[in-house]
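K.L.:
Just one file: data_36.cif, with mmCIF, C-alpha atoms and all ligand atoms.
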```
data_structure
#
loop_
_atom_site.label_atom_id
_atom_site.label_comp_id
_atom_site.auth_asym_id
_atom_site.auth_seq_id
_atom_site.Cartn_x
_atom_site.Cartn_y
_atom_site.Cartn_z
CA MET J 24 -40.99 6.06 -107.00
CA PRO J 25 -43.61 8.38 -108.62
CA ARG J 26 -42.12 11.65 -109.96
CA GLY J 27 -44.15 13.85 -107.59
CA GLU J 28 -42.89 12.01 -104.55
CA LEU J 29 -39.35 12.03 -105.91
CA GLU J 30 -39.40 15.78 -106.46
CA LYS J 31 -40.66 16.36 -102.92
CA LEU J 32 -37.76 14.28 -101.60
CA GLN J 33 -35.30 16.12 -103.87
CA LEU J 34 -36.54 19.49 -102.66
CA ALA J 35 -36.20 18.58 -98.99
CA ARG J 36 -32.73 17.13 -99.55
CA THR J 37 -31.58 20.10 -101.65
CA LYS J 38 -32.66 22.58 -98.97
CA ASP J 39 -30.78 20.55 -96.40
CA VAL J 40 -27.54 20.25 -98.37
CA LEU J 41 -27.50 23.95 -99.29
CA GLN J 42 -27.81 24.92 -95.62
CA ARG J 43 -25.13 22.41 -94.61
CA VAL J 44 -22.53 23.63 -97.09
CA TYR J 45 -23.32 27.26 -96.34
CA ALA J 46 -22.77 26.68 -92.62
CA ASN J 47 -19.69 24.43 -92.90
CA VAL J 48 -17.69 25.17 -96.04
CA PRO J 49 -16.14 28.65 -96.26
CA LEU J 50 -15.80 28.37 -100.04
CA TYR J 51 -19.55 27.90 -100.48
CA LYS J 52 -20.35 30.66 -97.97
CA ARG J 53 -18.17 33.06 -99.93
CA LYS J 54 -19.55 32.00 -103.34
CA PHE J 55 -23.18 32.14 -102.22
CA ASP J 56 -22.67 35.56 -100.58
CA GLU J 57 -20.96 36.92 -103.69
CA ALA J 58 -23.85 35.70 -105.85
CA GLY J 59 -26.38 37.16 -103.42
CA PHE J 60 -27.88 33.72 -102.83
CA ASP J 61 -29.32 33.02 -99.39
CA PRO J 62 -30.06 29.28 -98.93
CA SER J 63 -32.93 30.04 -96.54
CA THR J 64 -34.81 31.55 -99.50
CA PHE J 65 -34.63 28.31 -101.52
CA GLU J 66 -38.23 27.23 -102.05
CA SER J 67 -38.50 25.22 -105.26
CA LEU J 68 -36.14 23.15 -107.40
CA ASP J 69 -36.36 25.90 -110.05
CA ASP J 70 -34.49 28.14 -107.59
CA LEU J 71 -31.38 26.10 -108.38
CA VAL J 72 -30.60 28.42 -111.27
CA ARG J 73 -29.80 31.10 -108.65
CA VAL J 74 -27.09 28.93 -107.07
CA PRO J 75 -23.50 29.42 -108.29
CA PHE J 76 -21.71 26.58 -110.08
CA THR J 77 -18.78 24.67 -108.62
CA VAL J 78 -15.83 23.91 -110.91
CA LYS J 79 -12.75 21.75 -110.67
CA ASP J 80 -10.59 24.77 -109.82
CA ASP J 81 -12.71 25.38 -106.70
CA MET J 82 -11.78 21.89 -105.54
CA ARG J 83 -8.13 22.41 -106.43
CA SER J 84 -8.00 25.65 -104.50
CA ALA J 85 -9.45 23.88 -101.46
CA TYR J 86 -6.80 21.12 -101.60
CA PRO J 87 -6.65 18.94 -99.61
CA TYR J 88 -9.50 19.22 -97.08
CA GLY J 89 -11.08 22.63 -97.68
CA MET J 90 -14.32 21.34 -99.22
CA PHE J 91 -15.17 18.98 -96.35
CA ALA J 92 -18.54 19.70 -94.75
CA ALA J 93 -18.23 17.17 -91.92
CA PRO J 94 -15.73 17.23 -89.03
CA MET J 95 -12.46 15.39 -89.78
CA ARG J 96 -13.13 12.79 -87.10
CA ASP J 97 -16.27 11.72 -89.05
CA ILE J 98 -14.34 11.23 -92.29
CA VAL J 99 -13.32 7.58 -92.67
CA ARG J 100 -11.90 7.49 -96.20
CA VAL J 101 -10.43 9.74 -98.84
CA HIS J 102 -10.13 9.21 -102.58
CA SER J 103 -8.92 11.53 -105.27
CA SER J 104 -9.26 12.28 -108.93
CA SER J 105 -6.38 11.20 -111.14
CA GLY J 106 -4.86 14.66 -111.51
CA THR J 107 -3.74 13.99 -115.09
CA THR J 108 -4.58 17.59 -116.00
CA GLY J 109 -3.23 19.30 -112.88
CA GLN J 110 -3.37 19.09 -109.11
CA ILE J 111 -5.35 16.12 -107.79
CA THR J 112 -8.63 16.84 -106.05
CA VAL J 113 -9.38 15.14 -102.76
CA VAL J 114 -12.79 13.79 -101.77
CA GLY J 115 -13.75 12.51 -98.31
CA TYR J 116 -16.42 10.07 -97.17
CA THR J 117 -18.15 9.58 -93.83
CA ARG J 118 -19.24 6.12 -92.69
CA GLY J 119 -22.74 6.99 -93.96
CA ASP J 120 -21.34 8.07 -97.35
CA ILE J 121 -19.50 4.76 -97.78
CA ASP J 122 -22.71 2.95 -96.89
CA ARG J 123 -24.85 4.86 -99.40
CA TRP J 124 -22.15 4.49 -102.05
CA ALA J 125 -22.23 0.69 -101.63
CA ASP J 126 -26.05 0.78 -101.95
CA LEU J 127 -25.88 2.88 -105.10
CA MET J 128 -23.25 0.65 -106.69
CA ALA J 129 -25.32 -2.42 -105.76
CA ARG J 130 -28.23 -0.69 -107.52
CA THR J 131 -25.94 -0.09 -110.53
CA TYR J 132 -25.07 -3.78 -110.83
CA ALA J 133 -28.67 -4.86 -110.28
CA SER J 134 -30.11 -2.53 -112.91
CA GLY J 135 -27.69 -3.99 -115.47
CA GLY J 136 -28.77 -7.53 -114.65
CA THR J 137 -26.25 -8.67 -112.03
CA THR J 138 -27.67 -10.82 -109.20
CA PRO J 139 -26.34 -12.28 -105.92
CA ASP J 140 -25.65 -15.50 -107.84
CA ASP J 141 -23.02 -13.81 -109.98
CA VAL J 142 -19.24 -13.89 -109.65
CA VAL J 143 -17.86 -10.38 -110.19
CA GLN J 144 -14.27 -9.72 -111.24
CA VAL J 145 -13.33 -6.14 -110.38
CA ALA J 146 -10.56 -5.06 -112.78
CA TYR J 147 -10.86 -1.34 -112.11
CA GLY J 148 -7.78 0.02 -110.34
CA TYR J 149 -7.91 -0.04 -106.53
CA GLY J 150 -6.33 2.81 -104.60
CA LEU J 151 -7.02 6.53 -104.59
CA PHE J 152 -9.05 6.11 -107.81
CA THR J 153 -12.71 5.55 -106.88
CA GLY J 154 -13.34 2.83 -109.50
CA GLY J 155 -11.94 -0.25 -107.79
CA LEU J 156 -13.24 0.10 -104.25
CA GLY J 157 -16.55 1.57 -105.48
CA ALA J 158 -17.17 -1.41 -107.76
CA HIS J 159 -15.95 -3.76 -105.03
CA TYR J 160 -18.20 -2.60 -102.18
CA GLY J 161 -21.22 -2.48 -104.50
CA ALA J 162 -20.75 -6.06 -105.67
CA GLU J 163 -20.39 -7.24 -102.07
CA ARG J 164 -23.42 -5.22 -100.99
CA LEU J 165 -25.44 -6.91 -103.72
CA GLY J 166 -24.30 -10.25 -102.32
CA ALA J 167 -22.31 -11.34 -105.35
CA LEU J 168 -19.04 -13.21 -104.99
CA THR J 169 -16.48 -10.46 -105.49
CA ILE J 170 -12.93 -10.91 -106.77
CA PRO J 171 -10.67 -7.88 -106.15
CA VAL J 172 -8.15 -8.30 -108.98
CA SER J 173 -7.59 -4.57 -109.61
CA GLY J 174 -6.14 -3.44 -112.95
CA GLY J 175 -3.08 -4.82 -114.71
CA ASN J 176 -1.47 -8.23 -115.23
CA THR J 177 -3.84 -9.02 -118.06
CA LYS J 178 -2.88 -12.68 -118.52
CA ARG J 179 -3.72 -13.30 -114.89
CA GLN J 180 -7.06 -11.49 -115.42
CA VAL J 181 -7.86 -13.98 -118.18
CA GLN J 182 -6.77 -16.95 -116.07
CA ILE J 183 -9.01 -15.83 -113.20
CA LEU J 184 -11.96 -15.17 -115.53
CA LYS J 185 -11.60 -18.75 -116.68
CA ASP J 186 -10.69 -20.58 -113.48
CA PHE J 187 -13.01 -18.76 -111.06
CA GLY J 188 -16.11 -19.01 -113.26
CA VAL J 189 -16.51 -15.25 -113.50
CA THR J 190 -19.90 -14.13 -114.87
CA VAL J 191 -19.56 -10.33 -114.53
CA LEU J 192 -16.51 -8.24 -115.47
CA ALA J 193 -16.19 -4.67 -114.14
CA CYS J 194 -13.51 -2.48 -115.77
CA THR J 195 -13.02 0.28 -118.32
CA PRO J 196 -14.33 -0.62 -121.80
CA SER J 197 -10.88 -0.21 -123.35
CA TYR J 198 -9.45 -2.65 -120.81
CA ALA J 199 -12.21 -5.15 -121.62
CA LEU J 200 -11.02 -5.10 -125.24
CA LEU J 201 -7.44 -5.73 -124.13
CA ILE J 202 -8.57 -8.62 -121.93
CA ALA J 203 -10.48 -10.14 -124.86
CA GLU J 204 -7.44 -9.79 -127.13
CA THR J 205 -5.11 -11.26 -124.53
CA ALA J 206 -7.43 -14.23 -124.08
CA MET J 207 -7.27 -14.91 -127.83
CA GLU J 208 -3.47 -14.77 -127.71
CA MET J 209 -3.54 -17.31 -124.90
CA GLY J 210 -5.62 -19.61 -127.06
CA ILE J 211 -8.82 -18.96 -125.09
CA ASP J 212 -11.90 -17.82 -126.99
CA PRO J 213 -13.51 -15.26 -124.65
CA ARG J 214 -16.90 -16.38 -125.97
CA ASP J 215 -16.33 -19.75 -124.34
CA LEU J 216 -15.92 -18.19 -120.88
CA PRO J 217 -18.93 -18.12 -118.51
CA ILE J 218 -18.88 -14.31 -118.40
CA ARG J 219 -22.26 -12.85 -119.44
CA VAL J 220 -22.27 -9.17 -118.36
CA GLY J 221 -19.71 -6.35 -118.50
CA VAL J 222 -20.06 -3.32 -116.21
CA PHE J 223 -18.04 -0.68 -118.00
CA GLY J 224 -17.36 2.98 -117.25
CA ALA J 225 -14.78 5.65 -116.31
CA GLU J 226 -14.22 6.74 -119.93
CA PRO J 227 -16.45 7.77 -122.83
CA TRP J 228 -17.06 4.95 -125.30
CA SER J 229 -19.15 4.56 -128.40
CA GLU J 230 -22.03 2.33 -129.40
CA SER J 231 -19.82 0.63 -131.98
CA MET J 232 -17.24 -0.19 -129.30
CA ARG J 233 -20.08 -1.72 -127.30
CA HIS J 234 -20.93 -4.00 -130.25
CA GLN J 235 -17.28 -4.98 -130.64
CA ILE J 236 -16.93 -5.95 -126.99
CA GLU J 237 -20.27 -7.74 -126.92
CA HIS J 238 -19.34 -9.69 -130.04
CA ALA J 239 -15.78 -10.50 -128.93
CA MET J 240 -16.82 -11.74 -125.48
CA GLY J 241 -20.38 -12.91 -126.07
CA ILE J 242 -21.70 -10.67 -123.28
CA LYS J 243 -24.10 -7.81 -122.60
CA ALA J 244 -22.03 -4.64 -122.03
CA ILE J 245 -23.61 -2.16 -119.62
CA ASP J 246 -22.56 1.48 -119.43
CA ILE J 247 -22.20 3.00 -115.97
CA TYR J 248 -21.32 6.53 -114.92
CA GLY J 249 -19.76 8.35 -112.04
CA LEU J 250 -16.89 10.63 -111.17
CA SER J 251 -14.88 11.08 -108.01
CA GLU J 252 -15.95 14.69 -107.43
CA VAL J 253 -19.60 13.59 -107.27
CA MET J 254 -19.05 10.22 -105.53
CA GLY J 255 -17.31 7.74 -107.80
CA PRO J 256 -19.08 5.09 -109.89
CA GLY J 257 -22.78 4.69 -109.05
CA VAL J 258 -24.22 8.05 -110.12
CA ALA J 259 -26.08 6.68 -113.14
CA ALA J 260 -26.35 3.32 -114.88
CA GLU J 261 -27.99 1.65 -117.82
CA CYS J 262 -30.71 -0.87 -117.28
CA VAL J 263 -30.83 -4.06 -119.36
CA HIS J 264 -32.45 -2.10 -122.21
CA GLN J 265 -29.07 -0.36 -122.78
CA ASN J 266 -30.65 2.84 -123.92
CA GLY J 267 -29.34 5.67 -121.78
CA LEU J 268 -28.25 5.75 -118.13
CA HIS J 269 -30.83 6.16 -115.37
CA VAL J 270 -29.61 8.89 -113.05
CA PHE J 271 -30.09 7.98 -109.39
CA GLU J 272 -32.13 11.11 -108.84
CA ASP J 273 -32.96 10.44 -105.21
CA HIS J 274 -29.27 11.14 -104.46
CA PHE J 275 -28.14 13.35 -107.35
CA LEU J 276 -29.77 16.27 -109.13
CA ILE J 277 -28.85 16.45 -112.79
CA GLU J 278 -28.98 19.54 -114.97
CA ILE J 279 -27.77 20.09 -118.53
CA VAL J 280 -26.36 23.56 -119.22
CA ASP J 281 -25.11 25.34 -122.30
CA PRO J 282 -21.29 25.05 -121.99
CA GLU J 283 -20.80 28.67 -123.10
CA THR J 284 -23.70 30.64 -121.59
CA PHE J 285 -24.35 28.23 -118.65
CA GLU J 286 -28.09 28.63 -119.22
CA ARG J 287 -30.06 25.55 -118.29
CA MET J 288 -31.04 23.48 -121.35
CA PRO J 289 -34.44 21.81 -121.74
CA ASP J 290 -34.70 18.01 -121.67
CA GLY J 291 -33.54 16.48 -124.95
CA GLU J 292 -30.95 19.17 -125.74
CA TYR J 293 -27.22 18.51 -125.56
CA GLY J 294 -24.96 20.36 -123.15
CA GLU J 295 -22.65 20.00 -120.17
CA VAL J 296 -23.78 17.73 -117.34
CA VAL J 297 -24.05 19.41 -113.92
CA PHE J 298 -24.60 17.49 -110.69
CA THR J 299 -25.67 18.42 -107.17
CA THR J 300 -25.30 15.73 -104.50
CA LEU J 301 -28.30 15.47 -102.19
CA THR J 302 -27.17 13.08 -99.46
CA LYS J 303 -23.39 13.24 -99.24
CA GLU J 304 -22.03 14.30 -95.85
CA GLY J 305 -18.25 14.35 -96.24
CA ILE J 306 -18.03 16.44 -99.35
CA PRO J 307 -21.37 17.51 -100.78
CA ILE J 308 -21.01 19.24 -104.11
CA ILE J 309 -23.30 21.91 -105.49
CA ARG J 310 -23.97 22.37 -109.22
CA TYR J 311 -20.67 20.76 -110.21
CA ARG J 312 -19.73 21.31 -113.85
CA THR J 313 -18.48 17.88 -114.93
CA ARG J 314 -17.27 18.88 -118.44
CA ASP J 315 -19.03 15.74 -119.68
CA LEU J 316 -21.39 16.32 -122.58
CA SER J 317 -24.76 14.61 -122.81
CA ARG J 318 -28.52 15.22 -122.80
CA ILE J 319 -31.56 14.06 -120.88
CA ILE J 320 -33.62 11.51 -122.79
CA PRO J 321 -37.16 12.79 -122.23
CA GLU J 322 -39.10 9.62 -123.12
CA PRO J 323 -39.87 7.14 -120.32
CA CYS J 324 -37.86 3.88 -120.38
CA THR J 325 -39.51 0.57 -121.19
CA CYS J 326 -38.19 -0.83 -117.89
CA GLY J 327 -40.65 1.39 -115.98
CA ARG J 328 -38.08 3.18 -113.80
CA THR J 329 -39.07 6.79 -113.19
CA PHE J 330 -35.47 8.05 -112.86
CA ARG J 331 -34.71 10.03 -116.00
CA ARG J 332 -32.00 8.83 -118.34
CA MET J 333 -28.98 10.67 -119.65
CA GLU J 334 -27.54 9.68 -122.98
CA ARG J 335 -24.13 7.98 -122.95
CA ILE J 336 -21.38 10.60 -122.60
CA GLY J 337 -20.58 11.87 -126.08
CA GLY J 338 -17.28 13.43 -125.07
CA ARG J 339 -15.80 15.87 -122.63
CA SER J 340 -15.64 19.56 -123.24
CA ASP J 341 -11.97 19.44 -122.18
CA ASP J 342 -11.27 16.45 -124.52
CA MET J 343 -12.62 18.45 -127.38
CA LEU J 344 -9.92 19.13 -129.95
CA ILE J 345 -9.98 22.28 -131.96
CA ILE J 346 -8.46 21.41 -135.32
CA ARG J 347 -8.26 24.26 -137.80
CA GLY J 348 -11.12 25.88 -135.96
CA VAL J 349 -13.37 22.80 -136.09
CA ASN J 350 -14.54 21.08 -132.88
CA VAL J 351 -13.59 17.40 -132.94
CA PHE J 352 -14.15 14.63 -130.39
CA PRO J 353 -11.99 11.49 -130.50
CA SER J 354 -15.16 9.48 -129.83
CA GLN J 355 -16.43 10.49 -133.30
CA ILE J 356 -13.42 8.70 -134.82
CA GLU J 357 -14.08 5.63 -132.72
CA GLN J 358 -17.68 5.58 -133.86
CA VAL J 359 -16.63 5.67 -137.54
CA LEU J 360 -13.99 2.95 -137.15
CA GLY J 361 -16.56 0.65 -135.61
CA THR J 362 -18.52 0.64 -138.86
CA ILE J 363 -15.62 -0.27 -141.18
CA PRO J 364 -14.73 -3.95 -141.56
CA GLY J 365 -11.00 -4.60 -141.70
CA VAL J 366 -9.93 -2.18 -138.96
CA ALA J 367 -9.64 -2.68 -135.20
CA PRO J 368 -11.10 -0.18 -132.67
CA HIS J 369 -7.57 0.89 -131.69
CA TYR J 370 -6.46 4.27 -132.90
CA LEU J 371 -4.30 7.24 -132.01
CA VAL J 372 -4.77 10.82 -133.16
CA VAL J 373 -1.44 12.59 -133.63
CA LEU J 374 -1.69 16.35 -133.94
CA SER J 375 1.24 18.39 -135.20
CA LYS J 376 2.00 21.58 -137.07
CA ARG J 377 2.89 21.85 -140.75
CA GLY J 378 3.93 25.48 -140.96
CA SER J 379 1.11 27.32 -139.29
CA LEU J 380 -1.50 24.68 -140.14
CA ASP J 381 -2.68 21.88 -137.90
CA HIS J 382 -1.85 18.48 -139.28
CA VAL J 383 -3.86 15.45 -138.20
CA GLN J 384 -2.64 11.92 -138.55
CA VAL J 385 -4.98 9.18 -137.42
CA GLN J 386 -3.16 5.90 -136.83
CA VAL J 387 -5.52 2.97 -137.14
CA GLU J 388 -4.81 -0.69 -136.59
CA VAL J 389 -5.93 -3.12 -139.23
CA ALA J 390 -7.90 -6.06 -137.88
CA PRO J 391 -5.87 -9.21 -137.17
CA GLU J 392 -7.81 -11.14 -139.85
CA PHE J 393 -6.99 -8.55 -142.54
CA ARG J 394 -4.45 -9.69 -145.14
CA ILE J 395 -1.85 -6.97 -144.64
CA ASP J 396 0.29 -8.25 -147.57
CA GLU J 397 -2.46 -7.38 -150.06
CA VAL J 398 -1.19 -3.93 -151.03
CA ARG J 399 -4.14 -2.99 -153.19
CA GLU J 400 -6.63 -4.04 -150.52
CA LEU J 401 -4.69 -2.05 -147.96
CA GLU J 402 -4.77 1.07 -150.11
CA ARG J 403 -8.50 0.69 -150.63
CA LEU J 404 -9.04 0.32 -146.89
CA GLN J 405 -6.91 3.36 -146.16
CA LYS J 406 -8.88 5.48 -148.63
CA ARG J 407 -12.17 4.36 -147.15
CA VAL J 408 -11.10 5.08 -143.55
CA ARG J 409 -9.88 8.50 -144.58
CA ALA J 410 -13.03 9.38 -146.52
CA GLU J 411 -15.35 8.28 -143.73
CA ILE J 412 -13.47 10.04 -140.94
CA GLU J 413 -13.21 13.22 -143.02
CA SER J 414 -16.90 13.19 -143.74
CA ALA J 415 -17.72 12.68 -140.04
CA LEU J 416 -15.33 15.35 -138.74
CA ALA J 417 -15.40 17.85 -141.62
CA VAL J 418 -11.61 18.10 -141.32
CA SER J 419 -9.03 16.72 -143.74
CA ILE J 420 -6.72 14.16 -142.21
CA GLU J 421 -4.02 11.66 -143.02
CA VAL J 422 -4.65 8.00 -142.21
CA LYS J 423 -1.82 5.66 -141.39
CA LEU J 424 -2.78 2.02 -141.17
CA VAL J 425 -0.59 0.13 -138.74
CA GLU J 426 -0.14 -3.54 -138.00
CA PRO J 427 -2.30 -5.27 -135.38
CA LYS J 428 -1.23 -4.64 -131.75
CA THR J 429 1.12 -1.74 -132.48
CA ILE J 430 -0.95 0.94 -130.74
CA ALA J 431 -0.38 0.99 -126.99
CA ARG J 432 -3.13 -0.72 -124.98
CA SER J 433 -4.49 0.68 -121.76
CA GLU J 434 -5.14 -1.06 -118.48
CA GLY J 435 -7.29 1.87 -117.39
CA LYS J 436 -8.46 4.86 -119.31
CA ALA J 437 -7.39 4.82 -122.95
CA LYS J 438 -5.07 7.51 -124.30
CA ARG J 439 -6.31 8.47 -127.76
CA VAL J 440 -4.63 11.77 -128.55
CA LEU J 441 -1.01 12.84 -128.88
CA ASP J 442 -0.94 16.61 -129.28
CA LEU J 443 2.49 17.75 -130.46
CA ARG J 444 1.32 21.14 -131.68
CA ALA J 445 2.73 23.16 -128.79
CA GLU J 446 6.11 21.40 -129.06
CA HIS J 447 6.34 22.51 -132.67
CA GLY J 448 6.12 26.11 -131.58
CA GLY J 449 2.51 26.48 -132.63
CA ALA J 450 -0.25 27.97 -130.54
CA LYS J 451 -2.22 25.47 -128.48
ZN ZN N 501 -34.65 1.52 -118.06
#
```
Just give me the structure of the file as structure tokens.
P.N.:
Amino acid sequence: MPRGELEKLQLARTKDVLQRVYANVPLYKRKFDEAGFDPSTFESLDDLVRVPFTVKDDMRSAYPYGMFAAPMRDIVRVHSSSGTTGQITVVGYTRGDIDRWADLMARTYASGGTTPDDVVQVAYGYGLFTGGLGAHYGAERLGALTIPVSGGNTKRQVQILKDFGVTVLACTPSYALLIAETAMEMGIDPRDLPIRVGVFGAEPWSESMRHQIEHAMGIKAIDIYGLSEVMGPGVAAECVHQNGLHVFEDHFLIEIVDPETFERMPDGEYGEVVFTTLTKEGIPIIRYRTRDLSRIIPEPCTCGRTFRRMERIGGRSDDMLIIRGVNVFPSQIEQVLGTIPGVAPHYLVVLSKRGSLDHVQVQVEVAPEFRIDEVRELERLQKRVRAEIESALAVSIEVKLVEPKTIARSEGKAKRVLDLRAEHGGAK
């Protein structure tokens, strides 16, 4: 779709959604009134900067149904966010929403190279989490054979990958690594399986992790993006060029804002990703601050799509660790580990207090092929890991190399940080 036509469609849809939420959702009416914003005066997409942001706490305060813009009898499904950092947030879908979601997830698979001839194993969790059912309906909508395995029971995942001739695996990237490892333990080389594409999302991951997965499984690993507050998976997806995620801009408006001043950033600059849904009926969301950090890639993509791309998520503003006053993202550590032979991409950051100072221990697994009995080699590796992480983070750390498979694996989103600082009586 040419940009001009797209922007006309976006403008019409934005006007419509602003009027709908103002008329139907008391929270938006109150916020718009307080900000002095009258949706009937919205004339151009640049007017969006006058519209107040929505944050997670708004959704929490409206728990469970206060953000719904459609009558309850029109809502046919609810999902929720995980609630790991507080009260869960509830999202509702009308029949039309479920339909559009399936279309957008079908588009996600297709842009990453999945076709109706593929066999898709969905190993995202099914349930209140949007990942499983979102990935499921999309694969069916595309016309692919869809296997609803859900997360967990990793040996069975491997068996099904093998026996059912699976060509596309949909799960979190950290779970894909666990599946590959488990296959090796079972005496199955994942490279011998017919799988050719991975559709991975729901957690930030690095380029080096992509290479590790692609190498271990002999596949093309595609990054996808979504979050339950905005819809679920299917908000943005990489095309086969694997160079940034095309945002499905006919259904979602993306903005990048400065996380401190909330000023809108120009294309190409890093900041917090903000989404406005244009077509959702059950629970439209206006200028939602995702806490995910990224930027718009201004150059057009070689695939010819006109939807702009956002760079892979570089971290979350609420995952950001402040260590001795320095901002640190766990994904930076992952990126470094991916470049050092001899270590596995499994790590855990343990934060504690030594007196009043933050102490950082990074536990890193050595690779299974590394000769762990070679003490001198091990010391050399430890020094290298420490030097490279310290130079990337600008923070001094301790590195503890641990034996293969000693760091807990995840069947969903990986847990990378253990923050014991508060327990030691220190300030958080
Ligand atoms: Zn592209």
K.L.:
Which chains and residue numbers are within 12 Å of ligand ZN 501 (chain N), counting all atoms listed in the file, if I want them as a PyMOL selection string?
P.N.:
chain J and resi 131+133-136+245+259-271+320+322-334
K.L.:
Would you save the residues from that selection as a PDB file, in the coordinates of the input, using C-alpha atoms?
P.N.:
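Resulting contents of again.pdb:
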```pdb
ATOM      1  CA  THR J 131     -25.940  -0.090-110.530  1.00  0.00           C
ATOM      2  CA  ALA J 133     -28.670  -4.860-110.280  1.00  0.00           C
ATOM      3  CA  SER J 134     -30.110  -2.530-112.910  1.00  0.00           C
ATOM      4  CA  GLY J 135     -27.690  -3.990-115.470  1.00  0.00           C
ATOM      5  CA  GLY J 136     -28.770  -7.530-114.650  1.00  0.00           C
ATOM      6  CA  ILE J 245     -23.610  -2.160-119.620  1.00  0.00           C
ATOM      7  CA  ALA J 259     -26.080   6.680-113.140  1.00  0.00           C
ATOM      8  CA  ALA J 260     -26.350   3.320-114.880  1.00  0.00           C
ATOM      9  CA  GLU J 261     -27.990   1.650-117.820  1.00  0.00           C
ATOM     10  CA  CYS J 262     -30.710  -0.870-117.280  1.00  0.00           C
ATOM     11  CA  VAL J 263     -30.830  -4.060-119.360  1.00  0.00           C
ATOM     12  CA  HIS J 264     -32.450  -2.100-122.210  1.00  0.00           C
ATOM     13  CA  GLN J 265     -29.070  -0.360-122.780  1.00  0.00           C
ATOM     14  CA  ASN J 266     -30.650   2.840-123.920  1.00  0.00           C
ATOM     15  CA  GLY J 267     -29.340   5.670-121.780  1.00  0.00           C
ATOM     16  CA  LEU J 268     -28.250   5.750-118.130  1.00  0.00           C
ATOM     17  CA  HIS J 269     -30.830   6.160-115.370  1.00  0.00           C
ATOM     18  CA  VAL J 270     -29.610   8.890-113.050  1.00  0.00           C
ATOM     19  CA  PHE J 271     -30.090   7.980-109.390  1.00  0.00           C
ATOM     20  CA  ILE J 320     -33.620  11.510-122.790  1.00  0.00           C
ATOM     21  CA  GLU J 322     -39.100   9.620-123.120  1.00  0.00           C
ATOM     22  CA  PRO J 323     -39.870   7.140-120.320  1.00  0.00           C
ATOM     23  CA  CYS J 324     -37.860   3.880-120.380  1.00  0.00           C
ATOM     24  CA  THR J 325     -39.510   0.570-121.190  1.00  0.00           C
ATOM     25  CA  CYS J 326     -38.190  -0.830-117.890  1.00  0.00           C
ATOM     26  CA  GLY J 327     -40.650   1.390-115.980  1.00  0.00           C
ATOM     27  CA  ARG J 328     -38.080   3.180-113.800  1.00  0.00           C
ATOM     28  CA  THR J 329     -39.070   6.790-113.190  1.00  0.00           C
ATOM     29  CA  PHE J 330     -35.470   8.050-112.860  1.00  0.00           C
ATOM     30  CA  ARG J 331     -34.710  10.030-116.000  1.00  0.00           C
ATOM     31  CA  ARG J 332     -32.000   8.830-118.340  1.00  0.00           C
ATOM     32  CA  MET J 333     -28.980  10.670-119.650  1.00  0.00           C
ATOM     33  CA  GLU J 334     -27.540   9.680-122.980  1.00  0.00           C
TER      34      GLU J 334
END
```
K.L.:
What's the separation between atom CA of Pro321 of chain J and atom CA of Gly249 of chain J, in Å to one decimal place?
P.N.:
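Going from atom CA of Pro321 of chain J over to atom CA of Gly249 of chain J, I get 20.6 Å.
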K.L.:
What are the nearest atom pairs, with distances in Å to one decimal, for all residues of segment 131-161 of chain J that come at most 9 Å from segment 86-105 of chain J, using all atoms listed in the file, set out by chain and rising residue number as a tab-separated table?
P.N.:
```
residue	atom	partner	partner_atom	distance
J:Gly150	CA	J:His102	CA	7.7
J:Leu151	CA	J:His102	CA	4.6
J:Phe152	CA	J:Ser103	CA	6.0
J:Thr153	CA	J:His102	CA	6.2
```
K.L.:
Take the residues from that selection and write them out as a PDB file, keeping the file's coordinate frame, keeping C-alpha atoms.
P.N.:
```
ATOM      1  CA  GLY J 150      -6.330   2.810-104.600  1.00  0.00           C
ATOM      2  CA  LEU J 151      -7.020   6.530-104.590  1.00  0.00           C
ATOM      3  CA  PHE J 152      -9.050   6.110-107.810  1.00  0.00           C
ATOM      4  CA  THR J 153     -12.710   5.550-106.880  1.00  0.00           C
TER       5      THR J 153
END
```
K.L.:
Could you tell me how far atom CA of Val142 of chain J lies from atom CA of Phe187 of chain J, in Å and to one decimal?
P.N.:
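According to the coordinates, atom CA of Val142 of chain J and atom CA of Phe187 of chain J are separated by 8.0 Å.
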K.L.:
For each of J:Trp228, J:Gln42, J:Gly257, J:Gly305, take the minimum atom-to-atom distance to Gly119 of chain J, counting all atoms listed in the file, then give the residue where this is smallest.
P.N.:
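Ranking J:Trp228, J:Gln42, J:Gly257, J:Gly305 by distance to Gly119 of chain J, first place goes to J:Gly305.
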K.L.:
Counting all atoms listed in the file, which residues sit no farther than 8 Å from the position (-24.5, -14.1, -113.9) in the file's frame? I'd like them as a list of chain:residue names.
P.N.:
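Result, sorted by chain then residue number: J:Gly136, J:Thr137, J:Thr138, J:Asp140, J:Asp141, J:Val142, J:Thr190, J:Val191, J:Ile218, J:Arg219, J:Val220.
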K.L.:
Under the rule that all atoms listed in the file are counted, which of J:Ala162, J:Met288, J:Ile111, J:Ile356 is the nearest residue to Glu411 of chain J?
P.N.:
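Nearest to Glu411 of chain J: J:Ile356.
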K.L.:
Would you list the contacts of Arg347 of chain J as a compact mmCIF listing (two decimals) with C-alpha atoms, keeping the file's coordinate frame, taking every protein, DNA or RNA residue within 8 Å and counting only C-alpha atoms, but skipping same-chain residues closer than 6 positions in sequence?
P.N.:
```
# COMPACT_ATOMS: atom_id res chain seq x y z
CA LEU J 380 -1.50 24.68 -140.14
CA ASP J 381 -2.68 21.88 -137.90
CA VAL J 418 -11.61 18.10 -141.32
```
